[in-house]
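**Q** Sharing run_2.pdb below, PDB, C-alpha atoms:
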MODEL        1
ATOM      1  CA  MET A 313      52.584 -33.693 -86.549  1.00  0.00           C
ATOM      2  CA  GLY A 314      49.075 -34.531 -85.494  1.00  0.00           C
ATOM      3  CA  LYS A 315      47.714 -38.006 -85.646  1.00  0.00           C
ATOM      4  CA  THR A 316      48.383 -40.659 -88.180  1.00  0.00           C
ATOM      5  CA  PHE A 317      45.202 -41.339 -90.083  1.00  0.00           C
ATOM      6  CA  ILE A 318      46.534 -43.832 -92.545  1.00  0.00           C
ATOM      7  CA  LYS A 319      49.630 -45.854 -92.064  1.00  0.00           C
ATOM      8  CA  LYS A 320      51.192 -48.577 -94.046  1.00  0.00           C
ATOM      9  CA  LYS A 321      50.818 -51.976 -92.491  1.00  0.00           C
ATOM     10  CA  GLU A 322      53.677 -54.318 -92.015  1.00  0.00           C
ATOM     11  CA  LEU A 323      52.699 -57.711 -93.239  1.00  0.00           C
ATOM     12  CA  THR A 324      52.945 -59.645 -90.018  1.00  0.00           C
ATOM     13  CA  SER A 325      50.690 -62.343 -88.720  1.00  0.00           C
ATOM     14  CA  ASP A 326      49.012 -59.704 -86.501  1.00  0.00           C
ATOM     15  CA  SER A 327      48.293 -57.460 -89.455  1.00  0.00           C
ATOM     16  CA  LYS A 328      46.664 -60.320 -91.275  1.00  0.00           C
ATOM     17  CA  GLN A 329      44.212 -60.567 -88.411  1.00  0.00           C
ATOM     18  CA  ASP A 330      43.776 -56.803 -88.368  1.00  0.00           C
ATOM     19  CA  LYS A 331      42.898 -56.697 -92.038  1.00  0.00           C
ATOM     20  CA  GLN A 332      39.643 -58.461 -91.301  1.00  0.00           C
ATOM     21  CA  ARG A 333      38.713 -55.667 -88.886  1.00  0.00           C
ATOM     22  CA  ASP A 334      39.538 -52.918 -91.418  1.00  0.00           C
ATOM     23  CA  SER A 335      38.119 -54.641 -94.461  1.00  0.00           C
ATOM     24  CA  VAL A 336      37.630 -52.265 -97.378  1.00  0.00           C
ATOM     25  CA  VAL A 337      34.789 -52.916 -99.770  1.00  0.00           C
ATOM     26  CA  PHE A 338      34.025 -50.601-102.654  1.00  0.00           C
ATOM     27  CA  VAL A 339      30.641 -49.688-104.058  1.00  0.00           C
ATOM     28  CA  THR A 340      30.135 -48.348-107.538  1.00  0.00           C
ATOM     29  CA  VAL A 341      29.123 -44.708-107.791  1.00  0.00           C
ATOM     30  CA  SER A 342      26.073 -44.703-110.043  1.00  0.00           C
ATOM     31  CA  LYS A 343      25.814 -42.595-113.158  1.00  0.00           C
ATOM     32  CA  GLU A 344      23.042 -40.596-111.505  1.00  0.00           C
ATOM     33  CA  GLU A 345      25.158 -39.924-108.428  1.00  0.00           C
ATOM     34  CA  LEU A 346      28.116 -38.893-110.586  1.00  0.00           C
ATOM     35  CA  GLN A 347      25.871 -36.431-112.415  1.00  0.00           C
ATOM     36  CA  ARG A 348      24.613 -35.073-109.111  1.00  0.00           C
ATOM     37  CA  ARG A 349      28.142 -34.511-107.807  1.00  0.00           C
ATOM     38  CA  ARG A 350      29.733 -32.971-110.864  1.00  0.00           C
ATOM     39  CA  VAL A 351      29.993 -29.275-111.553  1.00  0.00           C
ATOM     40  CA  SER A 352      28.282 -29.283-114.923  1.00  0.00           C
ATOM     41  CA  SER A 353      29.832 -26.045-116.150  1.00  0.00           C
ATOM     42  CA  TYR A 354      33.145 -27.863-116.517  1.00  0.00           C
ATOM     43  CA  SER A 355      33.983 -30.333-119.262  1.00  0.00           C
ATOM     44  CA  TYR A 356      35.375 -33.799-118.855  1.00  0.00           C
ATOM     45  CA  LEU A 357      39.130 -34.161-119.184  1.00  0.00           C
ATOM     46  CA  LEU A 358      38.861 -37.885-119.875  1.00  0.00           C
TER      47      LEU A 358
ATOM     48  CA  MET B 997      46.685 -37.835-113.781  1.00  0.00           C
ATOM     49  CA  LEU B 998      46.478 -36.785-117.402  1.00  0.00           C
ATOM     50  CA  ASP B 999      50.202 -37.201-117.760  1.00  0.00           C
ATOM     51  CA  VAL B1000      50.099 -40.688-116.265  1.00  0.00           C
ATOM     52  CA  TYR B1001      47.167 -41.640-118.462  1.00  0.00           C
ATOM     53  CA  SER B1002      48.854 -40.328-121.609  1.00  0.00           C
ATOM     54  CA  LYS B1003      51.822 -42.597-120.933  1.00  0.00           C
ATOM     55  CA  ASN B1004      49.762 -45.549-119.755  1.00  0.00           C
ATOM     56  CA  PRO B1005      46.236 -45.753-121.197  1.00  0.00           C
ATOM     57  CA  THR B1006      45.386 -48.646-118.897  1.00  0.00           C
ATOM     58  CA  ALA B1007      46.184 -46.716-115.700  1.00  0.00           C
ATOM     59  CA  SER B1008      43.678 -46.675-112.875  1.00  0.00           C
ATOM     60  CA  PHE B1009      43.647 -44.054-110.135  1.00  0.00           C
ATOM     61  CA  GLY B1010      42.668 -43.702-106.540  1.00  0.00           C
ATOM     62  CA  PHE B1011      42.996 -41.596-103.449  1.00  0.00           C
ATOM     63  CA  VAL B1012      42.322 -41.632 -99.733  1.00  0.00           C
ATOM     64  CA  GLY B1013      40.814 -38.457 -98.298  1.00  0.00           C
ATOM     65  CA  ALA B1014      42.642 -37.592 -95.101  1.00  0.00           C
ATOM     66  CA  ARG B1015      40.732 -36.002 -92.284  1.00  0.00           C
ATOM     67  CA  CYS B1016      41.506 -32.361 -91.486  1.00  0.00           C
ATOM     68  CA  LEU B1017      43.128 -31.735 -88.104  1.00  0.00           C
ATOM     69  CA  ASN B1018      40.043 -30.020 -86.694  1.00  0.00           C
ATOM     70  CA  GLU B1019      37.535 -32.351 -88.323  1.00  0.00           C
ATOM     71  CA  GLU B1020      35.734 -34.610 -85.891  1.00  0.00           C
ATOM     72  CA  GLN B1021      33.988 -36.959 -88.273  1.00  0.00           C
ATOM     73  CA  THR B1022      36.024 -39.844 -89.609  1.00  0.00           C
ATOM     74  CA  GLU B1023      33.743 -40.957 -92.430  1.00  0.00           C
ATOM     75  CA  ASN B1024      33.007 -39.119 -95.660  1.00  0.00           C
ATOM     76  CA  VAL B1025      35.401 -36.358 -94.618  1.00  0.00           C
ATOM     77  CA  LYS B1026      35.622 -32.975 -96.282  1.00  0.00           C
ATOM     78  CA  ARG B1027      38.694 -33.738 -98.360  1.00  0.00           C
ATOM     79  CA  PHE B1028      37.091 -36.933 -99.631  1.00  0.00           C
ATOM     80  CA  ARG B1029      33.893 -35.083-100.604  1.00  0.00           C
ATOM     81  CA  VAL B1030      35.795 -32.339-102.434  1.00  0.00           C
ATOM     82  CA  TYR B1031      38.016 -34.743-104.326  1.00  0.00           C
ATOM     83  CA  SER B1032      35.057 -36.991-105.172  1.00  0.00           C
ATOM     84  CA  SER B1033      33.270 -34.021-106.684  1.00  0.00           C
ATOM     85  CA  LEU B1034      36.367 -33.230-108.750  1.00  0.00           C
ATOM     86  CA  MET B1035      36.557 -36.808-110.007  1.00  0.00           C
ATOM     87  CA  ALA B1036      32.890 -36.732-111.032  1.00  0.00           C
ATOM     88  CA  THR B1037      33.374 -33.351-112.716  1.00  0.00           C
ATOM     89  CA  TYR B1038      36.454 -34.101-114.767  1.00  0.00           C
ATOM     90  CA  PHE B1039      36.351 -37.861-115.410  1.00  0.00           C
ATOM     91  CA  SER B1040      33.355 -39.465-117.027  1.00  0.00           C
ATOM     92  CA  ASP B1041      32.300 -43.034-116.428  1.00  0.00           C
ATOM     93  CA  THR B1042      32.966 -43.862-120.071  1.00  0.00           C
ATOM     94  CA  LEU B1043      36.622 -44.726-119.465  1.00  0.00           C
ATOM     95  CA  PHE B1044      36.534 -45.380-115.725  1.00  0.00           C
ATOM     96  CA  VAL B1045      34.328 -47.138-113.237  1.00  0.00           C
ATOM     97  CA  HIS B1046      34.037 -44.896-110.193  1.00  0.00           C
ATOM     98  CA  ARG B1047      33.974 -46.794-106.932  1.00  0.00           C
ATOM     99  CA  GLU B1048      34.220 -45.606-103.369  1.00  0.00           C
ATOM    100  CA  ASN B1049      34.165 -46.518 -99.709  1.00  0.00           C
ATOM    101  CA  ARG B1050      32.876 -43.485 -97.806  1.00  0.00           C
ATOM    102  CA  LYS B1051      33.514 -45.027 -94.437  1.00  0.00           C
ATOM    103  CA  LYS B1052      37.218 -45.315 -95.229  1.00  0.00           C
ATOM    104  CA  ASN B1053      37.322 -42.221 -97.451  1.00  0.00           C
ATOM    105  CA  VAL B1054      38.740 -44.221-100.349  1.00  0.00           C
ATOM    106  CA  TYR B1055      37.918 -43.477-103.966  1.00  0.00           C
ATOM    107  CA  VAL B1056      39.115 -45.358-107.025  1.00  0.00           C
ATOM    108  CA  MET B1057      38.654 -44.903-110.729  1.00  0.00           C
ATOM    109  CA  ILE B1058      39.129 -48.248-112.407  1.00  0.00           C
ATOM    110  CA  ASN B1059      40.147 -48.151-116.024  1.00  0.00           C
ATOM    111  CA  ARG B1060      37.576 -50.153-117.982  1.00  0.00           C
ATOM    112  CA  ARG B1061      40.404 -51.607-120.071  1.00  0.00           C
ATOM    113  CA  ASN B1062      41.726 -53.214-116.880  1.00  0.00           C
ATOM    114  CA  LEU B1063      38.391 -54.839-116.206  1.00  0.00           C
ATOM    115  CA  SER B1064      38.144 -56.306-119.663  1.00  0.00           C
ATOM    116  CA  ASP B1065      41.666 -57.737-119.384  1.00  0.00           C
ATOM    117  CA  ASN B1066      41.353 -58.756-115.740  1.00  0.00           C
ATOM    118  CA  PRO B1067      37.800 -59.241-114.407  1.00  0.00           C
ATOM    119  CA  ASP B1068      39.203 -59.830-110.893  1.00  0.00           C
ATOM    120  CA  PHE B1069      40.922 -56.446-110.778  1.00  0.00           C
ATOM    121  CA  VAL B1070      38.519 -54.906-108.262  1.00  0.00           C
ATOM    122  CA  GLU B1071      38.950 -57.791-105.835  1.00  0.00           C
ATOM    123  CA  GLU B1072      42.725 -57.625-106.227  1.00  0.00           C
ATOM    124  CA  MET B1073      42.682 -53.920-105.496  1.00  0.00           C
ATOM    125  CA  GLU B1074      40.501 -54.357-102.413  1.00  0.00           C
ATOM    126  CA  ARG B1075      42.867 -57.054-101.194  1.00  0.00           C
ATOM    127  CA  TYR B1076      45.784 -54.668-101.715  1.00  0.00           C
ATOM    128  CA  PHE B1077      44.156 -51.974 -99.554  1.00  0.00           C
ATOM    129  CA  ASN B1078      43.330 -54.493 -96.861  1.00  0.00           C
ATOM    130  CA  ASP B1079      46.904 -55.789 -96.814  1.00  0.00           C
ATOM    131  CA  HIS B1080      48.715 -52.468 -96.888  1.00  0.00           C
ATOM    132  CA  TYR B1081      46.703 -49.813 -95.044  1.00  0.00           C
ATOM    133  CA  VAL B1082      45.273 -49.213 -91.617  1.00  0.00           C
ATOM    134  CA  PHE B1083      42.549 -46.601 -91.901  1.00  0.00           C
ATOM    135  CA  ASN B1084      41.655 -43.938 -89.345  1.00  0.00           C
ATOM    136  CA  ASP B1085      44.095 -45.370 -86.835  1.00  0.00           C
ATOM    137  CA  GLU B1086      44.922 -42.879 -84.121  1.00  0.00           C
ATOM    138  CA  GLU B1087      48.203 -43.061 -82.286  1.00  0.00           C
TER     139      GLU B1087
ENDMDL
END
Is it possible to give me this structure as C-alpha coordinates?
**A**
Amino acid sequence: MGKTFIKKKELTSDSKQDKQRDSVVFVTVSKEELQRRRVSSYSYLL
Amino acid sequence: MLDVYSKNPTASFGFVGARCLNEEQTENVKRFRVYSSLMATYFSDTLFVHRENRKKNVYVMINRRNLSDNPDFVEEMERYFNDHYVFNDEE
(Lines of atoms letter the chains of each structure in order from A and count residues from 1; the text may use other names and numbers.)
(Lines give C-alpha, C1' and ligand atoms only; values in the text may rest on other atoms or scores of the structure.)
Protein backbone atom coordinates (compact mmCIF):
# COMPACT_ATOMS: atom_id res chain seq x y z
CA MET A 1 0.00 0.00 0.00
CA GLY A 2 1.39 3.33 -1.03
CA LYS A 3 5.06 4.05 -1.07
CA THR A 4 7.69 2.84 1.28
CA PHE A 5 9.04 5.79 3.20
CA ILE A 6 11.39 3.96 5.47
CA LYS A 7 12.79 0.57 4.81
CA LYS A 8 15.30 -1.52 6.58
CA LYS A 9 18.61 -1.71 4.83
CA GLU A 10 20.37 -4.92 4.15
CA LEU A 11 23.95 -4.60 5.18
CA THR A 12 25.62 -5.09 1.84
CA SER A 13 28.60 -3.31 0.42
CA ASP A 14 26.18 -1.12 -1.60
CA SER A 15 24.28 -0.11 1.51
CA LYS A 16 27.49 0.93 3.18
CA GLN A 17 28.00 3.39 0.35
CA ASP A 18 24.38 4.49 0.55
CA LYS A 19 24.65 5.26 4.24
CA GLN A 20 26.92 8.17 3.46
CA ARG A 21 24.21 9.65 1.24
CA ASP A 22 21.51 9.25 3.92
CA SER A 23 23.63 10.25 6.88
CA VAL A 24 21.55 11.06 9.95
CA VAL A 25 22.84 13.67 12.35
CA PHE A 26 20.87 14.74 15.39
CA VAL A 27 20.66 18.19 16.92
CA THR A 28 19.64 18.82 20.48
CA VAL A 29 16.26 20.45 20.98
CA SER A 30 16.93 23.39 23.29
CA LYS A 31 15.09 23.92 26.54
CA GLU A 32 13.53 27.05 25.07
CA GLU A 33 12.31 25.19 21.99
CA LEU A 34 10.89 22.39 24.15
CA GLN A 35 8.98 24.98 26.18
CA ARG A 36 7.68 26.57 22.99
CA ARG A 37 6.42 23.24 21.65
CA ARG A 38 4.80 21.85 24.77
CA VAL A 39 1.16 22.23 25.68
CA SER A 40 1.67 23.81 29.08
CA SER A 41 -1.71 22.83 30.47
CA TYR A 42 -0.50 19.23 30.66
CA SER A 43 1.93 17.88 33.23
CA TYR A 44 5.06 15.91 32.58
CA LEU A 45 4.76 12.14 32.81
CA LEU A 46 8.50 11.72 33.27
CA MET B 1 6.70 4.22 27.03
CA LEU B 2 5.91 4.50 30.72
CA ASP B 3 5.67 0.75 30.97
CA VAL B 4 9.03 0.28 29.27
CA TYR B 5 10.62 2.93 31.46
CA SER B 6 9.21 1.40 34.65
CA LYS B 7 10.86 -1.90 33.77
CA ASN B 8 14.06 -0.36 32.45
CA PRO B 9 14.98 3.02 33.95
CA THR B 10 17.84 3.41 31.49
CA ALA B 11 15.62 3.07 28.41
CA SER B 12 15.87 5.63 25.64
CA PHE B 13 13.14 6.21 23.07
CA GLY B 14 12.76 7.35 19.52
CA PHE B 15 10.46 7.50 16.56
CA VAL B 16 10.40 8.27 12.87
CA GLY B 17 7.47 10.36 11.66
CA ALA B 18 6.11 8.82 8.49
CA ARG B 19 4.73 11.07 5.82
CA CYS B 20 0.97 10.98 5.23
CA LEU B 21 -0.13 9.60 1.86
CA ASN B 22 -1.34 12.98 0.62
CA GLU B 23 1.49 14.99 2.16
CA GLU B 24 3.89 16.43 -0.38
CA GLN B 25 6.65 17.65 1.89
CA THR B 26 9.19 15.10 3.00
CA GLU B 27 10.86 17.05 5.79
CA ASN B 28 9.37 18.01 9.15
CA VAL B 29 6.17 16.18 8.23
CA LYS B 30 2.91 16.51 10.10
CA ARG B 31 3.22 13.29 12.06
CA PHE B 32 6.72 14.26 13.16
CA ARG B 33 5.54 17.70 14.31
CA VAL B 34 2.60 16.26 16.27
CA TYR B 35 4.67 13.59 17.97
CA SER B 36 7.46 16.07 18.73
CA SER B 37 4.96 18.31 20.46
CA LEU B 38 3.74 15.35 22.51
CA MET B 39 7.29 14.48 23.54
CA ALA B 40 7.94 18.07 24.64
CA THR B 41 4.63 18.15 26.52
CA TYR B 42 4.93 14.92 28.46
CA PHE B 43 8.68 14.33 28.86
CA SER B 44 10.88 16.94 30.44
CA ASP B 45 14.54 17.36 29.64
CA THR B 46 15.45 16.45 33.21
CA LEU B 47 15.60 12.71 32.48
CA PHE B 48 16.04 12.80 28.71
CA VAL B 49 18.02 14.73 26.16
CA HIS B 50 15.70 15.51 23.27
CA ARG B 51 17.39 15.34 19.90
CA GLU B 52 15.97 15.42 16.41
CA ASN B 53 16.66 15.42 12.70
CA ARG B 54 13.81 17.29 11.02
CA LYS B 55 15.01 16.49 7.55
CA LYS B 56 14.68 12.77 8.25
CA ASN B 57 11.75 13.15 10.65
CA VAL B 58 13.62 11.31 13.39
CA TYR B 59 13.25 12.14 17.06
CA VAL B 60 15.06 10.53 19.98
CA MET B 61 14.91 10.95 23.71
CA ILE B 62 18.20 9.84 25.17
CA ASN B 63 18.13 8.74 28.76
CA ARG B 64 20.67 10.85 30.64
CA ARG B 65 21.71 7.75 32.58
CA ASN B 66 22.87 6.26 29.27
CA LEU B 67 25.03 9.27 28.56
CA SER B 68 26.71 9.15 31.93
CA ASP B 69 27.47 5.44 31.49
CA ASN B 70 28.31 5.68 27.79
CA PRO B 71 29.35 9.13 26.50
CA ASP B 72 29.48 7.75 22.93
CA PHE B 73 25.84 6.67 23.00
CA VAL B 74 24.61 9.38 20.63
CA GLU B 75 27.23 8.52 18.02
CA GLU B 76 26.41 4.82 18.34
CA MET B 77 22.73 5.55 17.85
CA GLU B 78 23.38 7.71 14.79
CA ARG B 79 25.53 4.94 13.35
CA TYR B 80 22.69 2.48 13.96
CA PHE B 81 20.22 4.63 12.01
CA ASN B 82 22.68 5.07 9.18
CA ASP B 83 23.31 1.33 8.98
CA HIS B 84 19.73 0.14 9.23
CA TYR B 85 17.38 2.65 7.59
CA VAL B 86 16.85 4.27 4.24
CA PHE B 87 14.79 7.40 4.74
CA ASN B 88 12.19 8.84 2.37
CA ASP B 89 13.01 6.26 -0.27
CA GLU B 90 10.26 5.97 -2.84
CA GLU B 91 9.74 2.77 -4.75
**Q** So that I can see what lies close to Arg1029 in chain B, please list as a list in words the residues with an atom at most 10 Å from it, counting only C-alpha atoms and leaving out residues fewer than 6 positions away in the same chain.
**A**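 Selected residues are Arg349 of chain A; Gly1013, Met1035, Arg1050, Asn1053 and Tyr1055 of chain B.
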**Q** Could you list, as a count of residues only, every residue within 8 Å of Gly1010 in chain B, counting all atoms listed in the file and ignoring same-chain residues fewer than 3 positions away?
**A** 4
**Q** Provide as a PyMOL selection string the residues of chain B at most 10 Å from chain A, counting all atoms listed in the file.
**A** chain B and resi 997-998+1001+1012-1017+1022+1029-1030+1032-1052+1054-1057+1070-1071+1073-1087
**Q** Quick check, in Å to one decimal: how far apart do CA of Asn1066 in chain B and CA of Ser1008 in chain B lie?
**A** 12.6 Å
**Q** Compare B:Phe1011, B:Lys1003, B:Phe1069, B:Leu1063 by their minimum atom-to-atom distance to Tyr1031 in chain B, counting only C-alpha atoms, and give me the closest one.
**A**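 Nearest to Tyr1031 in chain B: B:Phe1011.
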**Q** Specify the axis-aligned box that encloses all atoms of range 1023-1036 of chain B listed in the file after padding of 5 Å on each side, stating its centre and edge lengths in Å to one decimal as JSON.
**A**
{"center_x": 35.8, "center_y": -36.6, "center_z": -101.7, "size_x": 15.8, "size_y": 18.6, "size_z": 28.6}
**Q** Mind checking which residues fall within 8 Å of Ala1007 in chain B, counting only C-alpha atoms, ignoring those fewer than 3 positions away in the same chain, and posting them as number ranges by chain?
**A** B: 1000-1001, 1004, 1058-1059, 1062
**Q** How about saving the chosen residues, C-alpha atoms kept, as a short mmCIF file (atom, residue, chain, number, x, y, z; two decimals), in the frame of the given file?
**A**
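Saved file selection-v1.cif follows:
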data_model
loop_
_atom_site.label_atom_id
_atom_site.label_comp_id
_atom_site.auth_asym_id
_atom_site.auth_seq_id
_atom_site.Cartn_x
_atom_site.Cartn_y
_atom_site.Cartn_z
CA VAL B 1000 50.10 -40.69 -116.26
CA TYR B 1001 47.17 -41.64 -118.46
CA ASN B 1004 49.76 -45.55 -119.76
CA ILE B 1058 39.13 -48.25 -112.41
CA ASN B 1059 40.15 -48.15 -116.02
CA ASN B 1062 41.73 -53.21 -116.88
#
**Q** Figure out the distance between CA of Asn1024 in chain B and CA of Asp999 in chain B, please, to one decimal in Å.
**A** 28.1 Å
**Q** Between CA of Asp1068 in chain B and CA of Glu1023 in chain B, what is the distance, to one decimal in Å?
**A** 27.0 Å
**Q** For range 1047-1061 of chain B, supply N, CA, C and O atoms and format the output as a short mmCIF file (atom, residue, chain, number, x, y, z; two decimals), in the coordinates of the input.
**A**
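This is the output file rebuild.cif:
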data_model
loop_
_atom_site.label_atom_id
_atom_site.label_comp_id
_atom_site.auth_asym_id
_atom_site.auth_seq_id
_atom_site.Cartn_x
_atom_site.Cartn_y
_atom_site.Cartn_z
N ARG B 1047 34.39 -46.02 -108.09
CA ARG B 1047 33.97 -46.79 -106.93
C ARG B 1047 34.51 -46.12 -105.68
O ARG B 1047 35.55 -45.46 -105.71
N GLU B 1048 33.82 -46.30 -104.59
CA GLU B 1048 34.22 -45.61 -103.37
C GLU B 1048 33.88 -46.42 -102.12
O GLU B 1048 33.05 -47.34 -102.18
N ASN B 1049 34.52 -46.03 -101.03
CA ASN B 1049 34.16 -46.52 -99.71
C ASN B 1049 34.16 -45.28 -98.82
O ASN B 1049 35.23 -44.79 -98.42
N ARG B 1050 32.98 -44.74 -98.56
CA ARG B 1050 32.88 -43.48 -97.81
C ARG B 1050 33.33 -43.64 -96.37
O ARG B 1050 33.85 -42.71 -95.77
N LYS B 1051 33.13 -44.82 -95.83
CA LYS B 1051 33.51 -45.03 -94.44
C LYS B 1051 35.03 -44.90 -94.26
O LYS B 1051 35.51 -44.36 -93.27
N LYS B 1052 35.76 -45.37 -95.27
CA LYS B 1052 37.22 -45.32 -95.23
C LYS B 1052 37.77 -44.16 -96.05
O LYS B 1052 38.99 -43.99 -96.12
N ASN B 1053 36.90 -43.38 -96.66
CA ASN B 1053 37.32 -42.22 -97.45
C ASN B 1053 38.25 -42.61 -98.61
O ASN B 1053 39.20 -41.89 -98.93
N VAL B 1054 37.94 -43.72 -99.24
CA VAL B 1054 38.74 -44.22 -100.35
C VAL B 1054 37.94 -44.13 -101.64
O VAL B 1054 36.77 -44.51 -101.67
N TYR B 1055 38.57 -43.63 -102.66
CA TYR B 1055 37.92 -43.48 -103.97
C TYR B 1055 38.84 -44.03 -105.03
O TYR B 1055 40.04 -43.76 -105.00
N VAL B 1056 38.30 -44.81 -105.94
CA VAL B 1056 39.12 -45.36 -107.02
C VAL B 1056 38.40 -45.18 -108.35
O VAL B 1056 37.16 -45.21 -108.41
N MET B 1057 39.19 -44.95 -109.38
CA MET B 1057 38.65 -44.90 -110.73
C MET B 1057 39.33 -46.03 -111.49
O MET B 1057 40.53 -45.96 -111.77
N ILE B 1058 38.58 -47.05 -111.80
CA ILE B 1058 39.13 -48.25 -112.41
C ILE B 1058 38.99 -48.14 -113.91
O ILE B 1058 37.89 -47.98 -114.44
N ASN B 1059 40.13 -48.23 -114.57
CA ASN B 1059 40.15 -48.15 -116.02
C ASN B 1059 39.38 -49.34 -116.59
O ASN B 1059 39.66 -50.49 -116.24
N ARG B 1060 38.42 -49.07 -117.43
CA ARG B 1060 37.58 -50.15 -117.98
C ARG B 1060 38.40 -51.13 -118.81
O ARG B 1060 38.03 -52.29 -118.94
N ARG B 1061 39.54 -50.68 -119.34
CA ARG B 1061 40.40 -51.61 -120.07
C ARG B 1061 40.97 -52.65 -119.12
O ARG B 1061 41.17 -53.80 -119.49
#
